[in-house]
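The file final-v5.txt contains compact mmCIF, C-alpha atoms:
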# COMPACT_ATOMS: atom_id res chain seq x y z
CA MET E 1 0.00 0.00 0.00
CA LYS E 2 1.01 3.61 -0.46
CA PRO E 3 0.87 6.52 1.99
CA ALA E 4 -1.99 9.00 1.81
CA PRO E 5 -0.87 12.45 0.57
CA PHE E 6 0.91 14.73 3.04
CA ALA E 7 2.99 17.88 3.01
CA TYR E 8 6.67 17.65 3.89
CA ALA E 9 9.03 20.15 5.47
CA ARG E 10 12.67 20.00 6.48
CA ALA E 11 13.32 21.49 9.89
CA ARG E 12 16.47 23.65 9.99
CA SER E 13 16.75 23.65 13.77
CA VAL E 14 14.99 22.26 16.83
CA ALA E 15 13.19 25.59 17.24
CA HIS E 16 12.08 25.44 13.61
CA ALA E 17 10.83 21.86 14.11
CA ILE E 18 8.76 22.94 17.13
CA GLU E 19 7.32 25.80 15.09
CA LEU E 20 6.39 23.43 12.24
CA LEU E 21 4.87 20.96 14.70
CA GLY E 22 2.36 23.71 15.55
CA THR E 23 0.58 22.77 12.31
CA ASP E 24 -2.50 20.65 12.86
CA ASP E 25 -1.83 16.95 12.58
CA ALA E 26 1.92 17.21 12.02
CA ARG E 27 4.24 14.29 12.77
CA LEU E 28 7.96 14.31 13.34
CA LEU E 29 10.06 12.18 10.97
CA ALA E 30 13.44 10.89 12.16
CA GLY E 31 14.71 7.51 10.90
CA GLY E 32 11.20 6.66 9.75
CA GLN E 33 11.64 2.91 10.23
CA SER E 34 8.36 2.64 12.13
CA LEU E 35 6.59 5.79 10.95
CA ILE E 36 6.89 5.19 7.21
CA ALA E 37 5.66 1.61 7.62
CA THR E 38 2.55 2.92 9.39
CA LEU E 39 2.08 5.52 6.64
CA ASN E 40 2.40 2.82 3.96
CA MET E 41 -0.27 0.79 5.72
CA ARG E 42 -2.37 3.93 6.29
CA LEU E 43 -2.48 3.31 10.00
CA SER E 44 -1.46 6.95 10.20
CA GLU E 45 -2.40 9.79 7.81
CA PRO E 46 -0.74 12.99 9.04
CA ALA E 47 -1.18 16.31 7.19
CA LEU E 48 2.49 17.25 7.52
CA LEU E 49 5.76 15.41 8.08
CA VAL E 50 8.45 17.45 9.80
CA ASP E 51 11.80 15.91 8.80
CA ILE E 52 14.46 16.52 11.48
CA ASN E 53 17.24 14.56 9.75
CA GLY E 54 18.95 17.74 8.56
CA ILE E 55 19.25 19.33 12.01
CA GLY E 56 22.92 19.48 12.98
CA GLY E 57 24.26 18.46 16.36
CA LEU E 58 21.65 15.82 17.25
CA ASP E 59 23.86 12.92 16.15
CA ARG E 60 26.59 13.14 18.80
CA ILE E 61 27.63 10.64 21.43
CA THR E 62 29.42 12.19 24.39
CA VAL E 63 30.62 10.98 27.79
CA GLU E 64 30.84 13.63 30.47
CA ASN E 65 29.92 14.15 34.12
CA ALA E 66 29.70 10.36 34.55
CA HIS E 67 26.90 10.18 31.98
CA VAL E 68 26.65 9.03 28.38
CA GLU E 69 24.57 11.32 26.22
CA ILE E 70 23.28 9.95 22.93
CA GLY E 71 21.77 12.45 20.50
CA ALA E 72 18.30 11.62 19.23
CA LEU E 73 19.48 11.33 15.61
CA VAL E 74 22.24 8.83 16.37
CA ARG E 75 21.48 5.85 14.15
CA TYR E 76 21.67 2.35 15.58
CA ALA E 77 24.53 1.42 13.22
CA GLN E 78 26.47 4.48 14.35
CA ALA E 79 25.85 3.55 17.99
CA GLU E 80 27.03 -0.03 17.30
CA ARG E 81 30.35 1.33 16.02
CA SER E 82 30.76 3.75 18.93
CA ILE E 83 33.67 3.09 21.28
CA GLU E 84 32.05 5.38 23.87
CA ILE E 85 28.88 3.28 23.96
CA ALA E 86 30.80 -0.01 24.06
CA ARG E 87 32.80 1.25 27.03
CA ALA E 88 30.39 3.45 28.97
CA ALA E 89 26.95 2.05 28.04
CA PRO E 90 27.53 -1.72 27.79
CA LEU E 91 23.83 -2.57 28.25
CA ILE E 92 22.92 -0.52 25.18
CA ALA E 93 25.83 -2.13 23.30
CA LEU E 94 24.40 -5.57 24.14
CA ALA E 95 20.91 -4.57 22.99
CA LEU E 96 21.80 -2.88 19.69
CA PRO E 97 22.45 -6.01 17.57
CA HIS E 98 18.94 -7.23 18.46
CA ILE E 99 17.26 -4.12 17.05
CA GLY E 100 15.86 -4.81 13.60
CA HIS E 101 18.10 -5.87 10.74
CA PRO E 102 21.28 -4.19 9.43
CA ALA E 103 19.38 -2.11 6.86
CA ILE E 104 16.96 -0.94 9.57
CA ARG E 105 19.86 -0.12 11.90
CA ASN E 106 21.52 1.95 9.15
CA ARG E 107 18.56 4.29 9.18
CA GLY E 108 16.65 3.96 12.48
CA THR E 109 17.50 6.35 15.30
CA VAL E 110 17.91 6.01 19.04
CA GLY E 111 15.52 8.92 19.60
CA GLY E 112 12.92 7.40 17.30
CA SER E 113 12.83 4.17 19.27
CA ILE E 114 12.35 6.03 22.55
CA ALA E 115 9.76 8.48 21.22
CA PHE E 116 7.75 5.79 19.40
CA ALA E 117 7.86 3.62 22.55
CA ASP E 118 6.91 0.31 21.00
CA PRO E 119 6.24 -1.97 23.97
CA ALA E 120 8.34 -4.74 22.40
CA ALA E 121 11.30 -2.48 21.56
CA GLU E 122 14.69 -2.92 23.20
CA LEU E 123 15.87 0.61 23.97
CA PRO E 124 12.93 1.80 26.11
CA ALA E 125 13.54 -1.15 28.47
CA CYS E 126 17.29 -0.41 28.52
CA LEU E 127 16.58 3.19 29.53
CA VAL E 128 14.33 2.00 32.37
CA ALA E 129 16.91 -0.59 33.51
CA LEU E 130 19.65 2.03 33.49
CA GLY E 131 17.57 4.69 35.23
CA GLY E 132 18.21 6.99 32.26
CA GLU E 133 16.57 10.25 31.32
CA MET E 134 15.29 12.04 28.25
CA ALA E 135 16.19 15.58 27.17
CA ILE E 136 13.20 17.27 25.57
CA VAL E 137 12.66 20.66 23.98
CA GLY E 138 9.13 22.00 23.59
CA PRO E 139 7.38 25.31 22.98
CA LYS E 140 8.07 26.33 26.60
CA GLY E 141 11.75 25.40 26.56
CA GLN E 142 13.85 22.48 27.72
CA ARG E 143 13.05 19.84 30.29
CA VAL E 144 14.40 16.49 31.42
CA ILE E 145 12.18 13.51 32.23
CA LYS E 146 13.32 10.33 33.92
CA ALA E 147 12.75 7.08 32.03
CA ASP E 148 10.59 5.88 34.96
CA ASP E 149 8.15 8.74 34.25
CA PHE E 150 8.49 8.84 30.47
CA PHE E 151 6.68 5.71 29.27
CA LYS E 152 2.99 6.27 30.08
CA ASP E 153 1.00 3.66 28.20
CA LEU E 154 0.84 1.84 24.87
CA PHE E 155 2.76 4.09 22.40
CA GLU E 156 2.15 6.93 24.84
CA THR E 157 4.98 8.93 26.40
CA ALA E 158 5.53 12.18 28.25
CA LEU E 159 6.11 13.86 24.87
CA THR E 160 3.39 16.23 23.68
CA PRO E 161 2.74 16.62 19.92
CA ARG E 162 4.94 19.75 19.83
CA ASP E 163 7.91 18.32 21.74
CA VAL E 164 11.19 17.21 20.21
CA LEU E 165 13.23 14.56 22.01
CA THR E 166 16.82 15.79 21.57
CA ALA E 167 18.91 13.26 23.50
CA ILE E 168 18.90 10.45 26.02
CA ARG E 169 21.28 10.21 28.98
CA VAL E 170 22.31 7.18 31.01
CA PRO E 171 24.81 6.87 33.88
CA ALA E 172 28.22 5.83 32.56
CA ALA E 173 29.25 2.30 33.55
CA ARG E 174 31.76 1.96 36.39
CA ALA E 175 34.10 -0.92 37.19
CA ASP E 176 31.43 -2.52 39.41
CA THR E 177 28.56 -2.08 36.94
CA ARG E 178 26.93 -5.35 35.85
CA VAL E 179 24.53 -5.60 32.92
CA GLY E 180 22.54 -8.32 31.22
CA PHE E 181 20.36 -8.50 28.12
CA ALA E 182 18.47 -11.31 26.42
CA GLU E 183 15.36 -11.70 24.30
CA PHE E 184 13.35 -14.24 22.36
CA ALA E 185 12.27 -13.36 18.82
CA ARG E 186 10.91 -15.57 16.05
CA ARG E 187 13.60 -14.37 13.66
CA HIS E 188 16.74 -12.48 14.62
CA GLY E 189 15.94 -8.80 14.39
CA ASP E 190 12.17 -9.12 14.72
CA TYR E 191 10.40 -7.51 17.64
CA ALA E 192 10.85 -9.59 20.75
CA MET E 193 8.16 -11.93 22.05
CA VAL E 194 9.71 -11.28 25.47
CA GLY E 195 12.93 -9.53 26.41
CA LEU E 196 14.84 -8.46 29.49
CA ALA E 197 17.31 -5.66 30.15
CA ALA E 198 19.07 -5.54 33.51
CA CYS E 199 21.56 -3.37 35.33
CA ALA E 200 23.10 -3.58 38.81
CA ARG E 201 26.20 -2.83 40.85
CA ALA E 202 28.35 -5.68 42.13
CA ASP E 203 28.42 -5.58 45.94
CA GLY E 204 30.38 -8.58 47.22
CA GLN E 205 28.19 -11.64 46.61
CA ARG E 206 25.12 -9.43 46.24
CA LEU E 207 23.82 -7.16 43.50
CA ALA E 208 22.98 -3.62 44.57
CA ASN E 209 20.59 -1.24 42.78
CA LEU E 210 19.32 -4.11 40.62
CA ARG E 211 16.76 -3.07 38.01
CA LEU E 212 15.07 -5.68 35.82
CA ALA E 213 13.10 -4.19 32.91
CA TYR E 214 11.04 -6.58 30.76
CA PHE E 215 9.71 -5.69 27.33
CA GLY E 216 7.03 -7.28 25.17
CA VAL E 217 5.00 -8.16 28.26
CA GLY E 218 2.81 -5.08 28.71
CA PRO E 219 2.00 -1.64 27.29
CA THR E 220 5.32 -0.18 28.50
CA PRO E 221 8.61 -1.59 29.82
CA VAL E 222 7.76 -3.44 33.06
CA ARG E 223 9.99 -3.52 36.14
CA ALA E 224 10.05 -6.91 37.91
CA ARG E 225 9.98 -5.39 41.39
CA ASN E 226 9.32 -8.63 43.27
CA ALA E 227 11.98 -10.58 41.41
CA GLU E 228 14.60 -7.88 41.93
CA PRO E 229 15.26 -8.34 45.70
CA ALA E 230 15.34 -12.14 45.34
CA LEU E 231 17.86 -12.01 42.50
CA ALA E 232 19.88 -9.33 44.29
CA ASP E 233 20.37 -11.87 47.11
CA GLY E 234 21.38 -14.58 44.64
CA ASP E 235 18.10 -16.52 44.85
CA ILE E 236 17.57 -17.13 41.12
CA GLU E 237 14.70 -19.63 41.46
CA GLY E 238 13.00 -17.40 44.03
CA ALA E 239 13.26 -14.55 41.54
CA VAL E 240 11.79 -16.68 38.76
CA SER E 241 8.83 -17.62 41.02
CA ALA E 242 8.30 -13.95 41.90
CA LEU E 243 7.81 -13.12 38.21
CA ALA E 244 4.28 -14.52 38.49
CA ARG E 245 3.47 -11.50 40.70
CA ASP E 246 5.42 -9.03 38.53
CA LEU E 247 4.21 -9.87 35.06
CA ASP E 248 0.77 -10.33 33.56
CA PRO E 249 1.57 -10.39 29.84
CA PRO E 250 -1.37 -10.20 27.44
CA ASP E 251 -1.76 -12.88 24.76
CA ASP E 252 -0.67 -11.67 21.34
CA MET E 253 -0.91 -13.14 17.85
CA GLN E 254 2.25 -15.24 18.27
CA THR E 255 2.50 -16.03 21.94
CA SER E 256 0.11 -16.81 24.76
CA SER E 257 0.41 -15.19 28.17
CA ALA E 258 1.49 -18.49 29.74
CA VAL E 259 4.29 -18.98 27.21
CA LYS E 260 5.52 -15.41 27.70
CA THR E 261 5.60 -15.89 31.47
CA HIS E 262 7.56 -19.11 31.06
CA LEU E 263 10.01 -17.45 28.65
CA ALA E 264 10.43 -14.54 31.07
CA GLY E 265 11.77 -17.02 33.61
CA VAL E 266 14.16 -18.56 31.08
CA LEU E 267 15.47 -15.08 30.26
CA LEU E 268 15.90 -14.27 33.94
CA ARG E 269 18.16 -17.30 34.46
CA ARG E 270 20.26 -16.30 31.44
CA VAL E 271 20.52 -12.68 32.50
CA ALA E 272 21.38 -13.75 36.08
CA ARG E 273 24.46 -15.49 34.67
CA GLN E 274 25.48 -12.35 32.77
CA LEU E 275 25.01 -10.21 35.90
CA SER E 276 27.21 -12.54 37.92
CA GLY E 277 30.01 -11.90 35.45
CA ALA E 278 29.94 -15.46 34.09
CA PRO E 279 30.46 -15.85 30.35
CA PRO E 280 27.10 -15.83 28.53
CA MET K 281 8.24 25.27 3.03
CA SER K 282 5.50 22.84 3.87
CA GLU K 283 4.51 21.61 0.45
CA ARG K 284 3.39 18.35 -1.00
CA PHE K 285 5.66 18.55 -4.08
CA HIS K 286 9.37 19.22 -3.90
CA GLU K 287 12.17 19.70 -6.41
CA VAL K 288 15.00 17.31 -5.61
CA ALA K 289 18.42 16.49 -7.06
CA ILE K 290 19.58 12.92 -6.43
CA THR K 291 22.66 11.18 -7.79
CA VAL K 292 21.36 7.81 -8.90
CA ASN K 293 24.01 5.29 -9.99
CA GLY K 294 26.42 8.14 -10.62
CA GLU K 295 24.09 10.33 -12.67
CA GLU K 296 22.31 13.36 -11.31
CA VAL K 297 18.54 13.23 -11.57
CA ARG K 298 16.37 16.31 -11.05
CA GLU K 299 12.69 15.66 -10.48
CA ARG K 300 9.64 17.18 -8.88
CA ILE K 301 8.48 14.60 -6.38
CA ASP K 302 5.30 14.02 -4.42
CA ALA K 303 6.40 13.77 -0.77
CA ARG K 304 4.42 10.58 -0.25
CA LYS K 305 6.41 8.64 -2.86
CA THR K 306 8.78 6.10 -1.33
CA LEU K 307 12.32 5.84 -2.67
CA VAL K 308 11.74 2.41 -4.21
CA ASP K 309 8.59 3.57 -6.03
CA PHE K 310 10.47 6.61 -7.33
CA LEU K 311 13.28 4.43 -8.66
CA ARG K 312 10.90 1.96 -10.29
CA GLU K 313 8.15 4.24 -11.59
CA ASP K 314 9.96 7.48 -12.40
CA LEU K 315 13.40 6.17 -13.38
CA ALA K 316 12.38 2.70 -14.67
CA LEU K 317 15.02 1.08 -12.43
CA THR K 318 12.97 -2.01 -11.72
CA GLY K 319 15.77 -4.11 -10.26
CA SER K 320 14.74 -3.03 -6.77
CA HIS K 321 11.61 -4.95 -5.93
CA VAL K 322 8.56 -4.06 -3.88
CA GLY K 323 7.58 -6.80 -1.48
CA CYS K 324 5.97 -6.17 1.87
CA GLU K 325 6.11 -2.35 1.90
CA HIS K 326 6.65 -2.23 5.63
CA GLY K 327 10.31 -3.02 6.07
CA VAL K 328 10.13 -6.74 6.77
CA CYS K 329 11.18 -8.50 3.55
CA GLY K 330 14.24 -6.59 2.25
CA ALA K 331 13.36 -6.92 -1.46
CA CYS K 332 13.51 -3.13 -1.89
CA SER K 333 17.03 -2.72 -0.46
CA VAL K 334 19.09 0.07 -2.05
CA ARG K 335 22.13 2.04 -0.95
CA VAL K 336 21.81 5.64 0.17
CA ASP K 337 25.13 7.42 0.74
CA GLY K 338 26.81 4.04 0.93
CA ALA K 339 24.52 2.42 3.52
CA VAL K 340 21.95 -0.24 2.62
CA VAL K 341 18.45 0.90 3.54
CA ARG K 342 14.88 -0.20 2.95
CA GLY K 343 13.65 1.57 -0.17
CA CYS K 344 10.10 1.32 1.18
CA LEU K 345 10.94 3.00 4.49
CA MET K 346 12.53 6.10 3.06
CA LEU K 347 10.80 8.83 1.10
CA ALA K 348 12.32 9.86 -2.23
CA VAL K 349 12.07 13.49 -1.15
CA GLN K 350 14.41 12.70 1.74
CA CYS K 351 17.14 11.77 -0.74
CA ASP K 352 17.66 15.32 -2.00
CA GLY K 353 21.42 15.72 -2.30
CA ALA K 354 22.08 12.05 -1.60
CA ARG K 355 23.85 9.39 -3.63
CA VAL K 356 21.62 6.39 -4.35
CA ASP K 357 22.98 3.13 -5.75
CA THR K 358 20.71 0.37 -6.99
CA ILE K 359 21.37 -3.16 -8.17
CA GLU K 360 21.62 -1.77 -11.73
CA GLY K 361 24.42 0.58 -10.66
CA VAL K 362 26.50 -1.93 -8.76
CA THR K 363 26.05 -4.39 -11.65
CA ASP K 364 27.32 -1.84 -14.19
CA THR K 365 30.41 -1.05 -12.12
CA ASP K 366 31.23 -4.76 -11.69
CA GLU K 367 31.47 -4.16 -7.95
CA ILE K 368 29.65 -7.41 -7.20
CA ALA K 369 30.37 -9.43 -10.35
CA ASP K 370 32.04 -12.18 -8.30
CA LEU K 371 29.09 -12.34 -5.90
CA GLN K 372 26.59 -12.53 -8.75
CA GLN K 373 28.61 -15.32 -10.38
CA ALA K 374 28.73 -17.21 -7.07
CA PHE K 375 24.93 -16.94 -6.74
CA ILE K 376 24.55 -18.48 -10.20
CA THR K 377 27.16 -21.19 -9.61
CA ARG K 378 25.60 -22.29 -6.32
CA ASN K 379 21.95 -21.93 -7.30
CA ALA K 380 21.51 -19.25 -4.65
CA LEU K 381 18.41 -17.97 -6.40
CA GLN K 382 15.36 -19.43 -7.98
CA CYS K 383 12.62 -16.89 -8.70
CA GLY K 384 15.05 -14.01 -8.19
CA TYR K 385 12.67 -11.69 -6.39
CA CYS K 386 14.83 -11.33 -3.29
CA THR K 387 18.14 -11.47 -5.14
CA PRO K 388 18.89 -7.75 -5.73
CA GLY K 389 18.30 -6.98 -2.06
CA MET K 390 20.16 -10.08 -0.97
CA LEU K 391 23.18 -9.12 -3.08
CA LEU K 392 23.32 -5.58 -1.72
CA ALA K 393 22.99 -6.80 1.88
CA ALA K 394 25.69 -9.45 1.32
CA GLN K 395 28.01 -6.93 -0.32
CA GLU K 396 27.67 -4.63 2.70
CA LEU K 397 28.87 -7.44 4.94
CA LEU K 398 31.66 -8.49 2.57
CA ALA K 399 32.86 -4.89 2.31
CA CYS K 400 33.71 -5.02 6.02
CA GLY K 401 36.53 -7.39 5.04
CA GLY K 402 37.67 -10.64 6.58
CA ILE K 403 35.81 -13.94 6.35
CA PRO K 404 32.55 -13.78 8.31
CA SER K 405 31.31 -16.97 9.95
CA ARG K 406 28.19 -18.65 8.53
CA GLU K 407 26.37 -17.45 11.63
CA GLN K 408 27.46 -13.85 10.96
CA ILE K 409 26.34 -14.18 7.34
CA ARG K 410 22.94 -15.44 8.46
CA MET K 411 22.63 -12.62 11.00
CA HIS K 412 23.51 -10.01 8.41
CA LEU K 413 21.01 -11.41 5.90
CA SER K 414 18.29 -11.92 8.53
CA GLY K 415 16.35 -8.95 7.20
CA ASN K 416 16.09 -10.36 3.68
CA TYR K 417 13.46 -12.99 3.05
CA CYS K 418 13.97 -15.69 0.45
CA ARG K 419 11.06 -18.05 -0.10
CA CYS K 420 12.76 -20.34 -2.64
CA THR K 421 16.20 -21.43 -1.57
CA GLY K 422 16.06 -22.13 2.14
CA TYR K 423 19.10 -19.81 2.45
CA GLN K 424 21.70 -22.59 2.54
CA ALA K 425 22.95 -21.89 -0.98
CA ILE K 426 22.92 -18.14 -0.37
CA VAL K 427 25.13 -18.54 2.70
CA ASP K 428 27.37 -20.88 0.67
CA ALA K 429 27.75 -18.26 -2.07
CA VAL K 430 28.51 -15.39 0.30
CA GLU K 431 30.99 -17.50 2.23
CA ALA K 432 32.74 -18.58 -0.98
CA VAL K 433 33.11 -14.98 -2.15
CA ALA K 434 34.45 -13.91 1.26
CA GLN K 435 37.07 -16.64 1.06
CA ALA K 436 37.96 -15.83 -2.54
CA ARG K 437 38.29 -12.11 -1.85
CA ALA K 438 40.42 -12.74 1.24
CA GLY K 439 42.61 -15.12 -0.77
CA ALA K 440 42.98 -12.61 -3.60
CA LYS K 441 44.26 -10.02 -1.14
CA ARG K 442 47.06 -12.20 0.21

Any chance you could put this one into structure tokens?
Amino acid sequence: MKPAPFAYARARSVAHAIELLGTDDARLLAGGQSLIATLNMRLSEPALLVDINGIGGLDRITVENAHVEIGALVRYAQAERSIEIARAAPLIALALPHIGHPAIRNRGTVGGSIAFADPAAELPACLVALGGEMAIVGPKGQRVIKADDFFKDLFETALTPRDVLTAIRVPAARADTRVGFAEFARRHGDYAMVGLAACARADGQRLANLRLAYFGVGPTPVRARNAEPALADGDIEGAVSALARDLDPPDDMQTSSAVKTHLAGVLLRRVARQLSGAPP
Amino acid sequence: MSERFHEVAITVNGEEVRERIDARKTLVDFLREDLALTGSHVGCEHGVCGACSVRVDGAVVRGCLMLAVQCDGARVDTIEGVTDTDEIADLQQAFITRNALQCGYCTPGMLLAAQELLACGGIPSREQIRMHLSGNYCRCTGYQAIVDAVEAVAQARAGAKR
């Protein structure tokens, strides 16, 4: 199918993009790897597309003040090649090869994944696991929103229609940072049936500040708050049992709720090994 | 300017093309319908099958998930272009030799995706080849022969360099 007609404008700056987004029924176009598919299928018929790909300065990766900042227009392939991300954001480095296929990663952007907030996408869960934050510019100026407060509901975020997500920030990894990532997908690169992103700090035999963020199991990334304390104390099977209280995944076309819950436990055991520093 | 139609200049297979384009036209439709470059195929139209793969500024992208109007000022290479330059002649020959195609619908996209991996150099493992081609569906071959062909070319190119 082909998209319905729309007008198209190239934003010259973030301020210009916000001005253009004042048009009724305007949508922001970054990598387009989800948006253009929905246009082709006419699931979305905006009046205007505001293309932000030409805005300079949104494609930088920087490490400063113990944080990694990734510009919204950084493409997945660029992030995969980044030494800064490999070193200072190892959870994101683990997740990147699972996002789509190489041709999708050449074009899709980090900001697009966060702003679109597909419940089965990898990066939103990574941001929740890392306790990251989003830098946003809107008509009233800049603001920063924590990942915990950003993902509101199915495809719904703290962004208003006139906001531009400009960057994401996550704490830079330290020597005692432990991360884990695993997912099940029908075909490598497809959206996950279930996935898990995890981050913690090694604290002797324990894990401190452990955050387990599942994706593909609800309308937003879901923290496994009952499993976290059990796993932090090294009780892997206790943590797997606790998932029954943490997760209530809906059936979808491919996978029943019961299967997803089972797979969530399998992923937890795998990620527990990664968090303990054992080879995957 | 928030208009539906835009004047664009795109370098397609080394030649500059100037056209007035409807913003809603995808890159692959522009190549096929306006430039008669029908080597890039239209399959699923939502980024799943990889039949529409083309190169934009050197990177393989989905031709159905990029608008032609976005390519203003860009360099676009299609299967016709890389065939004319002989860039992938060895890969095309290996596909024929090993029966790595049957109906041929996926082949242009498969070749461009494989060439992107091979251009990284070295000899990728079969697993790496499969991962890199995971976004390109083939419904005829079962992939085995495609992986064979890509692996053979990687080995031949590495050998030629020594």

Quick check: residues of chain E within 7 Å of chain K, all atoms listed in the file, returned as a PyMOL selection string. chain E and resi 1+3-9+32-33+36-37+40+101-104+106-107+188

Any idea what's packed within 8 Å of E:Ala11, counting only C-alpha atoms, ignoring anything in its chain fewer than 6 positions away? Could you give it as a list of chain:residue names?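 Contacts, with the query itself left out: E:Ala17, E:Leu20, E:Val50, E:Asp51, E:Ile52, E:Asn53, E:Gly54, E:Ile55.
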
Which polymer residues have any atom within 9 Å of an atom of K:Asn293, counting all atoms listed in the file, with same-chain residues fewer than 4 positions away left out, as a PDB file with C-alpha atoms, keeping the file's coordinate frame?
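Saved the output as out03.pdb:
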ATOM      1  CA  ARG K 355      23.850   9.390  -3.630  1.00  0.00           C
ATOM      2  CA  VAL K 356      21.620   6.390  -4.350  1.00  0.00           C
ATOM      3  CA  ASP K 357      22.980   3.130  -5.750  1.00  0.00           C
ATOM      4  CA  THR K 358      20.710   0.370  -6.990  1.00  0.00           C
ATOM      5  CA  GLU K 360      21.620  -1.770 -11.730  1.00  0.00           C
ATOM      6  CA  GLY K 361      24.420   0.580 -10.660  1.00  0.00           C
ATOM      7  CA  VAL K 362      26.500  -1.930  -8.760  1.00  0.00           C
ATOM      8  CA  ASP K 364      27.320  -1.840 -14.190  1.00  0.00           C
TER       9      ASP K 364
END

Please indicate the distance in Å from atom CA of E:Val14 to atom CA of E:Leu96, rounded to one decimal place.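 Going from atom CA of E:Val14 over to atom CA of E:Leu96, I get 26.2 Å.
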
Take the point (13.0, -1.6, 23.9) as written in the file and pick out every residue within 12 Å of it, counting only C-alpha atoms; give the list as a PDB file with C-alpha atoms, in the coordinates of the input.
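Result file part17.pdb:
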ATOM      1  CA  LEU E  91      23.830  -2.570  28.250  1.00  0.00           C
ATOM      2  CA  ILE E  92      22.920  -0.520  25.180  1.00  0.00           C
ATOM      3  CA  ALA E  95      20.910  -4.570  22.990  1.00  0.00           C
ATOM      4  CA  LEU E  96      21.800  -2.880  19.690  1.00  0.00           C
ATOM      5  CA  HIS E  98      18.940  -7.230  18.460  1.00  0.00           C
ATOM      6  CA  ILE E  99      17.260  -4.120  17.050  1.00  0.00           C
ATOM      7  CA  GLY E 100      15.860  -4.810  13.600  1.00  0.00           C
ATOM      8  CA  VAL E 110      17.910   6.010  19.040  1.00  0.00           C
ATOM      9  CA  GLY E 111      15.520   8.920  19.600  1.00  0.00           C
ATOM     10  CA  GLY E 112      12.920   7.400  17.300  1.00  0.00           C
ATOM     11  CA  SER E 113      12.830   4.170  19.270  1.00  0.00           C
ATOM     12  CA  ILE E 114      12.350   6.030  22.550  1.00  0.00           C
ATOM     13  CA  ALA E 115       9.760   8.480  21.220  1.00  0.00           C
ATOM     14  CA  PHE E 116       7.750   5.790  19.400  1.00  0.00           C
ATOM     15  CA  ALA E 117       7.860   3.620  22.550  1.00  0.00           C
ATOM     16  CA  ASP E 118       6.910   0.310  21.000  1.00  0.00           C
ATOM     17  CA  PRO E 119       6.240  -1.970  23.970  1.00  0.00           C
ATOM     18  CA  ALA E 120       8.340  -4.740  22.400  1.00  0.00           C
ATOM     19  CA  ALA E 121      11.300  -2.480  21.560  1.00  0.00           C
ATOM     20  CA  GLU E 122      14.690  -2.920  23.200  1.00  0.00           C
ATOM     21  CA  LEU E 123      15.870   0.610  23.970  1.00  0.00           C
ATOM     22  CA  PRO E 124      12.930   1.800  26.110  1.00  0.00           C
ATOM     23  CA  ALA E 125      13.540  -1.150  28.470  1.00  0.00           C
ATOM     24  CA  CYS E 126      17.290  -0.410  28.520  1.00  0.00           C
ATOM     25  CA  LEU E 127      16.580   3.190  29.530  1.00  0.00           C
ATOM     26  CA  VAL E 128      14.330   2.000  32.370  1.00  0.00           C
ATOM     27  CA  ALA E 129      16.910  -0.590  33.510  1.00  0.00           C
ATOM     28  CA  ALA E 147      12.750   7.080  32.030  1.00  0.00           C
ATOM     29  CA  PHE E 151       6.680   5.710  29.270  1.00  0.00           C
ATOM     30  CA  PHE E 155       2.760   4.090  22.400  1.00  0.00           C
ATOM     31  CA  PHE E 181      20.360  -8.500  28.120  1.00  0.00           C
ATOM     32  CA  ALA E 182      18.470 -11.310  26.420  1.00  0.00           C
ATOM     33  CA  GLU E 183      15.360 -11.700  24.300  1.00  0.00           C
ATOM     34  CA  ASP E 190      12.170  -9.120  14.720  1.00  0.00           C
ATOM     35  CA  TYR E 191      10.400  -7.510  17.640  1.00  0.00           C
ATOM     36  CA  ALA E 192      10.850  -9.590  20.750  1.00  0.00           C
ATOM     37  CA  MET E 193       8.160 -11.930  22.050  1.00  0.00           C
ATOM     38  CA  VAL E 194       9.710 -11.280  25.470  1.00  0.00           C
ATOM     39  CA  GLY E 195      12.930  -9.530  26.410  1.00  0.00           C
ATOM     40  CA  LEU E 196      14.840  -8.460  29.490  1.00  0.00           C
ATOM     41  CA  ALA E 197      17.310  -5.660  30.150  1.00  0.00           C
ATOM     42  CA  ALA E 213      13.100  -4.190  32.910  1.00  0.00           C
ATOM     43  CA  TYR E 214      11.040  -6.580  30.760  1.00  0.00           C
ATOM     44  CA  PHE E 215       9.710  -5.690  27.330  1.00  0.00           C
ATOM     45  CA  GLY E 216       7.030  -7.280  25.170  1.00  0.00           C
ATOM     46  CA  VAL E 217       5.000  -8.160  28.260  1.00  0.00           C
ATOM     47  CA  GLY E 218       2.810  -5.080  28.710  1.00  0.00           C
ATOM     48  CA  PRO E 219       2.000  -1.640  27.290  1.00  0.00           C
ATOM     49  CA  THR E 220       5.320  -0.180  28.500  1.00  0.00           C
ATOM     50  CA  PRO E 221       8.610  -1.590  29.820  1.00  0.00           C
ATOM     51  CA  VAL E 222       7.760  -3.440  33.060  1.00  0.00           C
TER      52      VAL E 222
END

Between E:Ala202, E:Ile70, E:Ala264, E:Ala79, which one has atoms that come closest to E:Asp176, using all atoms listed in the file? E:Ala202

Go through K:Ala434, K:Ala399, K:Ala348, K:Val292 and flag the residue nearest K:Phe310, using all atoms listed in the file for the distances.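 The closest residue to K:Phe310 is K:Ala348.
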
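Take the candidates E:Ile83, E:Asp252, E:Arg245, E:Arg10 and check each one against K:Cys351 using all atoms listed in the file; the shortest distance goes to E:Arg10.
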
Within 12 Å of K:Ala436 using all atoms listed in the file, minus same-chain residues under 2 positions, as a PyMOL selection string: chain K and resi 370-371+374+398+401-403+429-434+438-442

Should you be able to, write stretch 339-344 of chain K of this structure into a file that contains C-alpha atoms, as a compact mmCIF listing (two decimals), in the first residue's frame.
# COMPACT_ATOMS: atom_id res chain seq x y z
CA ALA K 339 24.52 2.42 3.52
CA VAL K 340 21.95 -0.24 2.62
CA VAL K 341 18.45 0.90 3.54
CA ARG K 342 14.88 -0.20 2.95
CA GLY K 343 13.65 1.57 -0.17
CA CYS K 344 10.10 1.32 1.18
